[in-house]
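What's in protein.txt: compact mmCIF, C-alpha atoms and all ligand atoms
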# COMPACT_ATOMS: atom_id res chain seq x y z
CA MET A 337 -42.27 -14.56 -20.27
CA SER A 338 -44.03 -16.81 -17.74
CA GLU A 339 -44.86 -20.38 -18.69
CA ASN A 340 -48.59 -19.59 -18.44
CA GLN A 341 -48.21 -16.61 -20.74
CA GLN A 342 -46.52 -18.82 -23.32
CA ILE A 343 -49.43 -21.27 -23.17
CA VAL A 344 -51.96 -18.44 -23.39
CA ASP A 345 -50.23 -17.02 -26.47
CA GLU A 346 -50.27 -20.42 -28.16
CA ILE A 347 -53.95 -20.88 -27.28
CA LEU A 348 -54.85 -17.50 -28.76
CA LYS A 349 -52.95 -18.23 -31.98
CA LEU A 350 -54.53 -21.65 -32.44
CA LYS A 351 -57.95 -20.31 -31.54
CA GLU A 352 -57.78 -17.94 -34.47
CA GLN A 353 -56.48 -20.60 -36.87
CA ARG A 354 -59.26 -23.00 -35.92
CA LYS A 355 -61.94 -20.28 -35.85
CA ALA A 356 -62.72 -21.41 -32.31
CA ILE A 357 -64.30 -19.85 -29.27
CA ILE A 358 -63.51 -20.80 -25.70
CA ILE A 359 -66.30 -20.84 -23.16
CA ALA A 360 -65.93 -21.54 -19.47
CA HIS A 361 -68.40 -22.36 -16.73
CA ASN A 362 -68.43 -20.09 -13.68
CA TYR A 363 -66.74 -22.85 -11.60
CA GLN A 364 -63.66 -23.18 -13.80
CA ARG A 365 -60.15 -22.35 -12.60
CA GLU A 366 -59.34 -18.62 -12.64
CA GLU A 367 -56.75 -18.86 -15.42
CA VAL A 368 -59.23 -20.78 -17.60
CA GLN A 369 -61.97 -18.21 -16.97
CA GLU A 370 -59.44 -15.52 -17.92
CA ILE A 371 -58.82 -16.90 -21.43
CA ALA A 372 -62.50 -17.61 -22.13
CA ASP A 373 -64.49 -15.56 -24.64
CA PHE A 374 -67.33 -15.81 -22.20
CA THR A 375 -68.18 -17.38 -18.87
CA GLY A 376 -71.63 -18.25 -17.62
CA ASP A 377 -74.00 -20.78 -16.10
CA SER A 378 -74.57 -24.19 -17.56
CA LEU A 379 -77.18 -23.37 -20.16
CA GLU A 380 -76.33 -19.74 -20.84
CA LEU A 381 -72.99 -20.87 -22.29
CA SER A 382 -74.49 -23.26 -24.82
CA ARG A 383 -77.05 -20.70 -25.90
CA GLU A 384 -74.36 -18.04 -26.38
CA ALA A 385 -72.12 -20.47 -28.24
CA ALA A 386 -74.97 -21.30 -30.64
CA LYS A 387 -75.22 -17.62 -31.61
CA VAL A 388 -71.50 -17.06 -32.32
CA ASP A 389 -70.09 -17.47 -35.80
CA CYS A 390 -67.35 -20.06 -35.27
CA ASP A 391 -66.38 -23.58 -36.34
CA VAL A 392 -65.19 -24.93 -33.01
CA ILE A 393 -66.46 -24.54 -29.43
CA VAL A 394 -63.95 -25.42 -26.70
CA PHE A 395 -66.20 -26.09 -23.71
CA CYS A 396 -64.41 -25.75 -20.38
CA GLY A 397 -66.88 -27.39 -18.05
CA VAL A 398 -68.27 -30.89 -17.55
CA ASN A 399 -69.55 -33.33 -20.14
CA PHE A 400 -73.31 -32.72 -19.93
CA MET A 401 -72.64 -29.03 -20.66
CA ALA A 402 -70.60 -29.85 -23.76
CA GLU A 403 -73.45 -32.14 -24.83
CA SER A 404 -75.92 -29.28 -24.48
CA ALA A 405 -73.67 -27.19 -26.71
CA SER A 406 -73.63 -30.00 -29.27
CA ILE A 407 -77.44 -30.28 -29.06
CA LEU A 408 -77.87 -26.56 -29.74
CA SER A 409 -74.99 -26.26 -32.27
CA PRO A 410 -75.07 -29.49 -34.30
CA ASP A 411 -72.98 -28.00 -37.10
CA LYS A 412 -70.11 -26.91 -34.88
CA VAL A 413 -67.33 -29.08 -33.50
CA VAL A 414 -67.67 -29.15 -29.70
CA LEU A 415 -64.52 -30.05 -27.75
CA LEU A 416 -64.36 -31.08 -24.09
CA PRO A 417 -60.68 -30.57 -23.14
CA GLU A 418 -60.70 -33.21 -20.35
CA LEU A 419 -62.57 -36.35 -21.32
CA ASP A 420 -63.27 -37.46 -17.75
CA ALA A 421 -64.66 -34.10 -16.60
CA ASN A 422 -68.05 -35.50 -15.70
CA CYS A 423 -70.84 -34.64 -13.29
CA PRO A 424 -71.59 -37.37 -10.72
CA MET A 425 -75.17 -36.12 -10.39
CA ALA A 426 -75.80 -36.37 -14.14
CA ASP A 427 -74.45 -39.91 -13.97
CA MET A 428 -76.95 -40.88 -11.25
CA ILE A 429 -79.75 -41.36 -13.73
CA ARG A 430 -79.91 -43.44 -16.85
CA VAL A 431 -82.64 -44.06 -19.35
CA SER A 432 -82.41 -47.84 -19.49
CA GLY A 433 -79.98 -50.68 -19.09
CA GLU A 434 -78.11 -51.56 -15.97
CA ARG A 435 -78.28 -49.24 -13.02
CA LYS A 436 -75.09 -47.59 -11.96
CA VAL A 437 -73.98 -48.41 -8.44
CA TRP A 438 -71.86 -45.72 -6.86
CA LYS A 439 -69.60 -46.79 -4.06
CA THR A 440 -67.61 -43.60 -3.69
CA PHE A 441 -67.53 -40.16 -5.21
CA PRO A 442 -64.29 -38.32 -5.66
CA GLY A 443 -64.32 -35.68 -2.95
CA TYR A 444 -67.29 -37.18 -1.15
CA GLU A 445 -65.47 -38.53 1.86
CA GLU A 446 -68.41 -38.03 4.19
CA GLN A 447 -70.21 -41.07 2.81
CA PRO A 448 -67.51 -43.41 1.56
CA THR A 449 -69.78 -46.39 1.34
CA PHE A 450 -72.73 -44.62 -0.21
CA VAL A 451 -74.53 -46.87 -2.66
CA PHE A 452 -76.80 -45.18 -5.14
CA PRO A 453 -80.22 -46.45 -4.14
CA HIS A 454 -82.09 -46.75 -7.43
CA ASP A 455 -82.87 -50.09 -8.84
CA PHE A 456 -84.83 -48.65 -11.67
CA THR A 457 -84.26 -46.46 -14.69
CA LEU A 458 -86.00 -43.42 -16.12
CA LEU A 459 -88.04 -45.66 -18.41
CA ASP A 460 -89.14 -47.71 -15.36
CA MET A 461 -90.15 -44.50 -13.63
CA LYS A 462 -92.22 -43.37 -16.61
CA GLU A 463 -93.90 -46.77 -16.69
CA LYS A 464 -94.67 -46.54 -12.98
CA TYR A 465 -96.31 -43.11 -13.38
CA PRO A 466 -97.87 -43.25 -16.85
CA GLY A 467 -98.77 -39.88 -18.35
CA VAL A 468 -96.99 -37.85 -15.65
CA PRO A 469 -94.81 -35.23 -17.36
CA VAL A 470 -91.05 -35.38 -16.80
CA VAL A 471 -89.18 -32.16 -15.99
CA THR A 472 -85.46 -32.70 -16.38
CA TYR A 473 -82.70 -30.55 -14.97
CA VAL A 474 -80.12 -29.56 -17.58
CA ASN A 475 -77.50 -31.37 -15.48
CA THR A 476 -78.26 -34.64 -17.27
CA THR A 477 -76.98 -36.51 -20.28
CA ALA A 478 -78.57 -35.97 -23.70
CA ASP A 479 -80.42 -39.31 -23.72
CA VAL A 480 -82.17 -38.40 -20.45
CA LYS A 481 -83.20 -35.04 -21.91
CA ALA A 482 -84.50 -36.87 -24.99
CA GLU A 483 -86.87 -38.92 -22.78
CA SER A 484 -88.22 -35.79 -21.06
CA ASP A 485 -91.12 -33.46 -21.70
CA ILE A 486 -89.30 -30.29 -20.75
CA CYS A 487 -85.95 -29.21 -19.29
CA CYS A 488 -85.29 -26.72 -16.53
CA THR A 489 -82.28 -24.95 -15.06
CA SER A 490 -81.47 -23.94 -11.52
CA ALA A 491 -82.68 -20.45 -12.47
CA ASN A 492 -86.10 -21.33 -13.90
CA VAL A 493 -87.17 -24.59 -12.21
CA VAL A 494 -90.14 -23.02 -10.40
CA LYS A 495 -91.50 -21.34 -13.53
CA VAL A 496 -91.02 -24.47 -15.63
CA VAL A 497 -92.76 -26.76 -13.13
CA GLU A 498 -95.63 -24.29 -12.86
CA SER A 499 -95.95 -24.16 -16.63
CA VAL A 500 -96.58 -27.90 -16.95
CA ASP A 501 -100.21 -28.82 -17.47
CA SER A 502 -100.47 -31.44 -14.72
CA ASP A 503 -100.90 -31.40 -10.93
CA THR A 504 -98.23 -34.07 -10.55
CA VAL A 505 -94.80 -33.79 -12.11
CA ILE A 506 -91.76 -36.07 -12.19
CA CYS A 507 -88.57 -34.08 -11.50
CA VAL A 508 -85.18 -35.63 -12.22
CA PRO A 509 -82.44 -36.12 -11.15
CA ASP A 510 -81.84 -33.72 -8.22
CA ARG A 511 -83.85 -34.38 -5.05
CA ASN A 512 -82.91 -30.96 -3.66
CA LEU A 513 -84.04 -29.06 -6.73
CA SER A 514 -87.26 -31.11 -6.59
CA ALA A 515 -87.82 -30.18 -2.95
CA TRP A 516 -87.37 -26.53 -3.88
CA ALA A 517 -89.90 -26.87 -6.71
CA GLN A 518 -92.37 -28.65 -4.42
CA LYS A 519 -92.10 -25.88 -1.85
CA ASN A 520 -92.54 -23.08 -4.36
CA THR A 521 -95.23 -24.44 -6.65
CA GLY A 522 -98.65 -25.92 -6.11
CA LYS A 523 -97.54 -29.21 -7.68
CA LYS A 524 -96.97 -32.65 -6.28
CA ILE A 525 -93.43 -33.61 -7.22
CA ILE A 526 -92.21 -37.16 -7.70
CA THR A 527 -88.46 -36.96 -7.44
CA TRP A 528 -85.46 -38.98 -8.41
CA ASP A 529 -82.99 -39.43 -5.55
CA GLY A 530 -79.95 -37.83 -7.17
CA PHE A 531 -77.87 -35.02 -5.69
CA CYS A 532 -74.76 -32.95 -6.20
CA HIS A 533 -72.10 -34.00 -3.71
CA VAL A 534 -70.69 -30.45 -3.62
CA HIS A 535 -73.95 -28.75 -2.63
CA ASP A 536 -75.62 -31.57 -0.71
CA ARG A 537 -72.90 -31.55 1.96
CA VAL A 538 -73.99 -28.13 3.25
CA ARG A 539 -76.19 -28.15 6.36
CA ALA A 540 -78.37 -25.64 8.22
CA GLU A 541 -75.60 -25.26 10.85
CA ASP A 542 -73.23 -24.04 8.13
CA VAL A 543 -75.60 -21.20 7.28
CA GLU A 544 -76.06 -20.35 10.95
CA ARG A 545 -72.31 -20.36 11.58
CA ALA A 546 -71.60 -18.20 8.51
CA ARG A 547 -74.32 -15.72 9.51
CA ALA A 548 -72.89 -15.49 13.03
CA GLU A 549 -69.41 -14.82 11.59
CA HIS A 550 -70.69 -12.24 9.05
CA PRO A 551 -73.87 -10.73 10.49
CA ASP A 552 -74.17 -8.04 7.76
CA ALA A 553 -73.85 -10.44 4.84
CA LEU A 554 -76.68 -11.72 2.64
CA VAL A 555 -76.74 -15.47 1.99
CA MET A 556 -77.06 -16.69 -1.62
CA ALA A 557 -77.65 -20.41 -2.14
CA HIS A 558 -77.79 -22.64 -5.20
CA PRO A 559 -80.94 -24.79 -5.39
CA GLU A 560 -78.81 -27.93 -5.45
CA CYS A 561 -78.39 -27.32 -1.69
CA ARG A 562 -80.71 -29.04 0.77
CA LEU A 563 -84.05 -27.42 1.60
CA GLU A 564 -82.87 -26.73 5.17
CA VAL A 565 -80.17 -24.52 3.62
CA LEU A 566 -82.41 -22.89 0.99
CA GLU A 567 -84.98 -21.98 3.62
CA ARG A 568 -82.32 -20.06 5.51
CA ALA A 569 -80.95 -18.17 2.48
CA ASP A 570 -81.80 -14.62 1.38
CA HIS A 571 -81.67 -15.50 -2.29
CA VAL A 572 -81.83 -18.86 -4.10
CA THR A 573 -80.65 -18.93 -7.71
CA SER A 574 -78.24 -20.25 -10.35
CA THR A 575 -74.59 -19.21 -10.54
CA SER A 576 -75.35 -16.43 -13.03
CA GLY A 577 -78.36 -15.43 -10.93
CA MET A 578 -75.93 -14.92 -8.03
CA LEU A 579 -73.72 -12.71 -10.19
CA ARG A 580 -76.73 -10.57 -11.10
CA PHE A 581 -78.02 -10.44 -7.53
CA ALA A 582 -74.64 -9.39 -6.11
CA ARG A 583 -74.24 -6.71 -8.79
CA GLN A 584 -77.68 -5.21 -8.23
CA SER A 585 -77.89 -5.48 -4.44
CA ASP A 586 -77.05 -2.55 -2.17
CA ALA A 587 -75.53 -5.00 0.34
CA LYS A 588 -71.74 -4.98 0.69
CA GLU A 589 -71.16 -8.52 1.98
CA PHE A 590 -72.36 -11.88 0.70
CA ILE A 591 -72.08 -15.50 1.81
CA VAL A 592 -71.86 -17.66 -1.30
CA GLY A 593 -73.59 -21.05 -1.17
CA THR A 594 -72.19 -22.65 -4.28
CA GLU A 595 -68.94 -24.00 -5.72
CA VAL A 596 -66.04 -21.75 -4.72
CA GLY A 597 -65.02 -21.08 -8.35
CA LEU A 598 -67.81 -18.52 -8.56
CA LEU A 599 -66.00 -16.32 -6.04
CA TYR A 600 -63.44 -15.35 -8.68
CA ARG A 601 -65.97 -13.63 -10.93
CA LEU A 602 -68.00 -12.25 -8.03
CA ARG A 603 -64.90 -10.53 -6.62
CA LYS A 604 -63.64 -9.39 -10.02
CA GLU A 605 -66.95 -7.82 -11.00
CA ASN A 606 -67.64 -6.28 -7.58
CA PRO A 607 -64.32 -4.97 -6.21
CA ASP A 608 -66.11 -2.87 -3.59
CA LYS A 609 -67.99 -5.87 -2.12
CA VAL A 610 -66.86 -8.79 0.03
CA PHE A 611 -67.69 -12.45 -0.62
CA TYR A 612 -67.29 -15.40 1.76
CA PRO A 613 -67.72 -19.06 0.82
CA LEU A 614 -70.54 -20.75 2.74
CA ARG A 615 -68.17 -23.70 3.14
CA LYS A 616 -64.56 -23.69 1.95
CA ASP A 617 -64.82 -27.29 0.80
CA MET A 618 -67.50 -26.64 -1.81
CA ILE A 619 -65.15 -27.70 -4.57
CA CYS A 620 -66.19 -29.68 -7.62
CA PRO A 621 -63.15 -31.80 -8.58
CA ASN A 622 -64.50 -32.39 -12.07
CA MET A 623 -64.77 -28.67 -12.76
CA LYS A 624 -61.12 -28.25 -11.76
CA LYS A 625 -59.77 -30.89 -14.15
CA THR A 626 -59.50 -28.44 -17.05
CA ARG A 627 -56.25 -26.45 -17.05
CA LEU A 628 -54.63 -24.13 -19.57
CA GLU A 629 -52.63 -27.12 -20.81
CA SER A 630 -55.89 -29.02 -21.43
CA VAL A 631 -57.25 -26.16 -23.53
CA LEU A 632 -54.05 -25.96 -25.55
CA ARG A 633 -54.07 -29.72 -26.17
CA ALA A 634 -57.74 -29.58 -27.17
CA LEU A 635 -57.00 -26.95 -29.82
CA LYS A 636 -53.84 -28.69 -31.04
CA GLU A 637 -55.29 -32.18 -31.29
CA MET A 638 -58.98 -31.28 -31.70
CA THR A 639 -59.85 -33.43 -28.68
CA HIS A 640 -62.23 -34.58 -27.32
CA GLU A 641 -65.11 -34.14 -29.70
CA VAL A 642 -68.55 -34.42 -28.11
CA LYS A 643 -71.25 -35.24 -30.62
CA VAL A 644 -74.80 -36.19 -29.72
CA PRO A 645 -76.29 -38.72 -32.18
CA GLU A 646 -78.92 -37.02 -34.34
CA GLU A 647 -81.72 -39.37 -33.27
CA ILE A 648 -81.19 -38.34 -29.61
CA ARG A 649 -80.39 -34.72 -30.40
CA VAL A 650 -83.68 -33.97 -32.17
CA ARG A 651 -85.66 -35.25 -29.17
CA ALA A 652 -83.44 -33.55 -26.59
CA VAL A 653 -83.62 -30.21 -28.38
CA LYS A 654 -87.42 -30.34 -28.15
CA ALA A 655 -87.24 -30.53 -24.34
CA LEU A 656 -84.79 -27.62 -24.29
CA ASP A 657 -86.89 -25.57 -26.73
CA ARG A 658 -90.02 -26.08 -24.63
CA MET A 659 -88.14 -24.71 -21.66
CA LEU A 660 -87.02 -21.67 -23.64
CA GLU A 661 -90.65 -20.92 -24.49
CA VAL A 662 -91.52 -20.60 -20.78
CA ARG A 663 -91.44 -16.94 -19.76
P1 LIG B 701 -75.53 -23.39 -12.91
O1 LIG B 701 -76.39 -23.78 -14.05
O2 LIG B 701 -76.25 -22.60 -11.87
O3 LIG B 701 -74.28 -22.71 -13.39
O4 LIG B 701 -75.10 -24.70 -12.15
C1 LIG B 701 -74.39 -25.71 -12.75
C2 LIG B 701 -73.90 -26.68 -11.81
O5 LIG B 701 -73.24 -27.61 -12.15
C3 LIG B 701 -74.25 -26.48 -10.42
O6 LIG B 701 -73.59 -27.35 -9.64
FE1 LIG B 702 -72.14 -31.71 -11.09
FE2 LIG B 702 -72.20 -30.67 -8.67
FE3 LIG B 702 -69.99 -30.48 -10.09
FE4 LIG B 702 -72.17 -29.06 -10.73
S1 LIG B 702 -70.92 -28.86 -8.89
S2 LIG B 702 -70.85 -30.21 -12.12
S3 LIG B 702 -73.80 -30.52 -10.22
S4 LIG B 702 -70.94 -32.37 -9.33
As structure tokens, the full file:
Amino acid sequence: MSENQQIVDEILKLKEQRKAIIIAHNYQREEVQEIADFTGDSLELSREAAKVDCDVIVFCGVNFMAESASILSPDKVVLLPELDANCPMADMIRVSGERKVWKTFPGYEEQPTFVFPHDFTLLDMKEKYPGVPVVTYVNTTADVKAESDICCTSANVVKVVESVDSDTVICVPDRNLSAWAQKNTGKKIITWDGFCHVHDRVRAEDVERARAEHPDALVMAHPECRLEVLERADHVTSTSGMLRFARQSDAKEFIVGTEVGLLYRLRKENPDKVFYPLRKDMICPNMKKTRLESVLRALKEMTHEVKVPEEIRVRAVKALDRMLEVR
């Protein structure tokens, strides 16, 4: 029996004993996706987990996603197998207190001396634009969601921004998602200057090069990419939106403008189609921290529990619920 198989068997046994489910984001390692009860995009997973009858949710993803699961399933134990699996973009905004100065990002060698430019917080921003509604991307911590009017995902940002009863909207924290919303709605968007280092590194030339190499392929891009990339794509959507698009499309070849982990499921679900990464270095190091060993340890030791304080949770869940009401 291979070492991996031994670990998988132990995981399955413990999972039953603990009455646990394992959920994995679409960017997780292949072997982690394989043992998951379900895989999906960042919000889909938390919503699914809330519906399942279980005591424990092992969330293979990054910390803001496990927080969302805790917000939607306050009575379940939510475990994040690797404590430092975080999202640098989510960490670019804070509600109050000292600003965070980023000198380097793991895997962001292109700008080694990048210093995060904000010298204000979300509360400062709300004070600067009184009465302007705040639309917050789900890639944020629970306290940021709690200070927001409504949340959005990469799949529904345009609809959510349109639904807000104001001509001007604050969009946090992703400047690229904000640019996409500005382009596709009639609203004036005030944006935070955050970004995802995995998606923000892609440039228009990358799309042009990939199209030249694969002239029959359709380009799918995640809205965390720059506008110059999104404007050149055939379809802009979330990771699960890409899975749906690839399944339903008659095209046989696709260029995938998101983290390379998605290629595993795209290829598995569409064996007759061909998928190329838009850039091979679109790798999120935080998403790759979780291994089979991490999942086993999480179930053995019940680590690391993610629990959103009730006072924050009740406010954050309102912003998520408002989003879910938008059709
Ligand atoms: P999705 O919600 O599209 O899965 O995206 C999550 C994410 O972290 C993108 O970088
Ligand atoms: Fe965060 Fe980007 Fe990684 Fe997604 S891919 S978890 S937005 S750093």
Of the candidates A:His361, A:Arg651, A:Lys524, A:Arg568, which shows the shortest atom-to-atom distance to ligand LIG 701 (chain B), using all atoms listed in the file?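 Ranking A:His361, A:Arg651, A:Lys524, A:Arg568 by distance to ligand LIG 701 (chain B), first place goes to A:His361.
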Can you tell me which residues come within 7 Å of ligand LIG 701 (chain B) when counting only C-alpha atoms and all ligand atoms, ideally as an mmCIF file with C-alpha atoms, in the coordinates of the input?
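Final file, selection_30.cif:
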data_model
loop_
_atom_site.group_PDB
_atom_site.id
_atom_site.type_symbol
_atom_site.label_atom_id
_atom_site.label_comp_id
_atom_site.auth_asym_id
_atom_site.auth_seq_id
_atom_site.Cartn_x
_atom_site.Cartn_y
_atom_site.Cartn_z
ATOM 1 C CA HIS A 361 -68.400 -22.360 -16.730
ATOM 2 C CA ASN A 362 -68.430 -20.090 -13.680
ATOM 3 C CA GLY A 376 -71.630 -18.250 -17.620
ATOM 4 C CA ASP A 377 -74.000 -20.780 -16.100
ATOM 5 C CA SER A 378 -74.570 -24.190 -17.560
ATOM 6 C CA LEU A 379 -77.180 -23.370 -20.160
ATOM 7 C CA ASN A 475 -77.500 -31.370 -15.480
ATOM 8 C CA THR A 489 -82.280 -24.950 -15.060
ATOM 9 C CA SER A 490 -81.470 -23.940 -11.520
ATOM 10 C CA ALA A 491 -82.680 -20.450 -12.470
ATOM 11 C CA CYS A 532 -74.760 -32.950 -6.200
ATOM 12 C CA HIS A 558 -77.790 -22.640 -5.200
ATOM 13 C CA GLU A 560 -78.810 -27.930 -5.450
ATOM 14 C CA SER A 574 -78.240 -20.250 -10.350
ATOM 15 C CA THR A 575 -74.590 -19.210 -10.540
ATOM 16 C CA SER A 576 -75.350 -16.430 -13.030
ATOM 17 C CA GLU A 595 -68.940 -24.000 -5.720
#
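Proximal residues of ligand LIG 702 (chain B) are Tyr363, Gly397, Val398, Asn422, Cys423, Pro424, Met425, Ala426, Asn475, Phe531, Cys532, His533, Val534, His535, Glu560, Thr594, Glu595, Ile619, Cys620, Pro621, Asn622 and Met623 of chain A, by a cut-off of 8 Å on only C-alpha atoms and all ligand atoms.
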Quick one: distance from CA of Val494 (chain A) to CA of Thr521 (chain A) in Å, one decimal?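 Going from CA of Val494 (chain A) over to CA of Thr521 (chain A), I get 6.5 Å.
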Nearby residues (all atoms listed in the file) at most 9 Å from Ile371 (chain A), same-chain spacing under 5 positions excluded, as an MDAnalysis selection string: chainID A and resid 344 347:348 358:360 366 628
Dump C-alpha atoms for the selected residues as a compact mmCIF listing (two decimals), in the coordinates of the input?
# COMPACT_ATOMS: atom_id res chain seq x y z
CA VAL A 344 -51.96 -18.44 -23.39
CA ILE A 347 -53.95 -20.88 -27.28
CA LEU A 348 -54.85 -17.50 -28.76
CA ILE A 358 -63.51 -20.80 -25.70
CA ILE A 359 -66.30 -20.84 -23.16
CA ALA A 360 -65.93 -21.54 -19.47
CA GLU A 366 -59.34 -18.62 -12.64
CA LEU A 628 -54.63 -24.13 -19.57
Which neighbours of Leu350 (chain A) fall inside 10 Å, counting all atoms listed in the file, when residues of the same chain fewer than 6 positions from it are skipped, and could you give them as a short mmCIF file (atom, residue, chain, number, x, y, z; two decimals) with C-alpha atoms, in the frame of the given file?
data_model
loop_
_atom_site.label_atom_id
_atom_site.label_comp_id
_atom_site.auth_asym_id
_atom_site.auth_seq_id
_atom_site.Cartn_x
_atom_site.Cartn_y
_atom_site.Cartn_z
CA VAL A 344 -51.96 -18.44 -23.39
CA ALA A 356 -62.72 -21.41 -32.31
CA LEU A 632 -54.05 -25.96 -25.55
CA LEU A 635 -57.00 -26.95 -29.82
CA LYS A 636 -53.84 -28.69 -31.04
#
Please provide the set of residues having any atom within 7 Å of Glu418 (chain A), restricted to all atoms listed in the file, with same-chain residues fewer than 3 positions apart removed, written as an NGL selection string. :A and (421 or 625-626 or 630)
Selection from above, C-alpha atoms, as a compact mmCIF listing (two decimals), in the coordinates of the input, can you write it?
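Output below, filename part_38.txt:
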# COMPACT_ATOMS: atom_id res chain seq x y z
CA ALA A 421 -64.66 -34.10 -16.60
CA LYS A 625 -59.77 -30.89 -14.15
CA THR A 626 -59.50 -28.44 -17.05
CA SER A 630 -55.89 -29.02 -21.43
